[in-house]
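Data first, discussion second: the structure below is written as structure tokens.
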Amino acid sequence: DTGVSQDPRHKITKRGQNVTFRCDPISEHNRLYWYRQTLGQGPEFLTYFQNEAQLEKSRLLSDRFSAERPKGSFSTLEIQRTEQGDSAMYLCASSTEGGWAGDEQYFGPGTRLTVT
Amino acid sequence: GNSVTQMEGPVTLSEEAFLTINCTYTATGYPSLFWYVQYPGEGLQLLLKATKADDKGSNKGFEATYRKETTSFHLEKGSVQVSDSAVYFCALNPNDYKLSFGAGTTVTVRA
């Protein structure tokens with residue numbers, strides 16, 4: 001197992017453009033999470049999936065953001081009409097369905113988005 | 001709400017020095033507590049965790065004890081190495097899915 005992977009690692013886009021990021025979780029993990037990390041801050045929760053069901057979305061996830069996990073495997077995060085404030089590192093994590101607060105979440109390397 | 005406050009950095013130490021990074025939290029119920037580490041150019045990885053009061057998590061010479069009475073989870077290492085240079089994040093999970101992180105503390109260890 002190679003861990004959680006994310007693609008692309010870096011994305012530079014112009015304001016107003018749409019972008020899509022992909023996350024491939026660890027294969028046996030049925031939970032998948034998205035976080036956002038801005039410079040000098042810790043990651044902030046955006047949303048999570050259990051299999052293909054999106055079970056919670058943070059208020060940080062405005063209407064311009066949409067996440068999918070159509071077959072319960074990989075996930076995509078799309079940002080429409082990007083704004084400069086969207087510039088951040090977008091992190092994906094996965095875990096088993098332990099239903100327990102002590103379960104470890106395994107993080108990918110992140111996708112760094114820069115909106116110019 | 002749930003929140004984590006950790007010691008501001010950056011912290012610069014000499015090799016073999018003692019490291020402590022303070023972390024306090026606010027949460028309802030009995031959260032699990034974590035320290036994650038981010039080495040230069042790498043992703044976040046779990047360093048250690050504790051899931052109930054008075055538990056001690058330990059890994060790679062680092063330790064942290066879950067103190068419910070002081071709502072703290074301070075990270076310590078007795079003798080740091082250059083390879084410990086990284087950003088350290090304290091985090092809590094009050095339920096079974098959402099981690100809340102502190103702002104991170106950058107640690108630089110000089111030879």
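Ordered as shown in the structure tokens, chains take letters A, B, and onward, while each chain numbers its residues from 1 and ligands are numbered from 1 in the order shown.
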- Message: So that I can see what lies close to Phe73 in chain B, please list as a ChimeraX atom specification the residues with an atom at most 12 Å from it, counting only C-alpha atoms and leaving out residues fewer than 3 positions away in the same chain.
- Response: /B:4-7,20-26,31-35,48-58,63-70,76,89-92,102
- Query: What residues in chain B lie within 6 Å of chain A, counting only C-alpha atoms, written as a VMD selection string?
  - Reply: chain B and resid 32 43 to 44 51 93 95 to 96 101 to 104
- Query: Which is closer to Cys92 in chain A than all the others in A:Arg112, A:Arg64, A:Lys71, A:Lys14, using only C-alpha atoms?
  - Reply: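 The answer is A:Arg112, which sits nearest to Cys92 in chain A.
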- Task: Give me the residues within 6 Å of range 7-11 of chain A as a list in words, counting only C-alpha atoms and dropping any in the same chain fewer than 6 places off.
- Result: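 In the requested format, the answer is Arg22, Thr111, Arg112 and Leu113 of chain A.
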Using N, CA, C and O atoms, can you write the selected residues to a file as a compact mmCIF listing (two decimals), in the first residue's frame?
```
# COMPACT_ATOMS: atom_id res chain seq x y z
N ARG A 22 -8.01 15.59 -7.01
CA ARG A 22 -8.35 14.19 -6.81
C ARG A 22 -7.61 13.63 -5.61
O ARG A 22 -6.47 14.00 -5.34
N THR A 111 -2.64 19.14 -1.98
CA THR A 111 -2.60 19.89 -3.23
C THR A 111 -2.54 21.37 -2.87
O THR A 111 -3.43 21.88 -2.19
N ARG A 112 -1.46 22.02 -3.31
CA ARG A 112 -1.33 23.45 -3.01
C ARG A 112 -1.95 24.25 -4.15
O ARG A 112 -1.50 24.16 -5.29
N LEU A 113 -2.98 25.02 -3.82
CA LEU A 113 -3.68 25.85 -4.79
C LEU A 113 -3.26 27.30 -4.63
O LEU A 113 -3.31 27.84 -3.52
```
- Message: Please extract the residues of range 5-75 of chain A with a backbone DSSP assignment of strand (DSSP E) and present them as a PyMOL selection string.
- Response: chain A and resi 5-7+10-13+19-24+31-37+44-50+53-57+65-68+75
Need to verify the contact set: His29 in chain A, 7 Å, only C-alpha atoms, exclusion of same-chain residues closer than 4 positions in sequence. Can you return it as a PDB file with N, CA and C atoms, in the first residue's frame?
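Result file follows (result-v6.pdb):
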```
ATOM      1  N   PRO A  25      -7.598   7.299  -1.605  1.00  0.00           N
ATOM      2  CA  PRO A  25      -7.320   6.890  -0.218  1.00  0.00           C
ATOM      3  C   PRO A  25      -6.600   5.545  -0.166  1.00  0.00           C
ATOM      4  N   SER A  94      -7.682   9.540   5.012  1.00  0.00           N
ATOM      5  CA  SER A  94      -8.595   8.405   5.025  1.00  0.00           C
ATOM      6  C   SER A  94      -8.413   7.604   6.304  1.00  0.00           C
ATOM      7  N   SER A  95      -9.428   6.819   6.619  1.00  0.00           N
ATOM      8  CA  SER A  95      -9.368   5.967   7.809  1.00  0.00           C
ATOM      9  C   SER A  95     -10.334   4.812   7.638  1.00  0.00           C
ATOM     10  N   THR A  96     -10.192   3.839   8.499  1.00  0.00           N
ATOM     11  CA  THR A  96     -11.168   2.768   8.531  1.00  0.00           C
ATOM     12  C   THR A  96     -12.407   3.251   9.271  1.00  0.00           C
TER      13      THR A  96
END
```
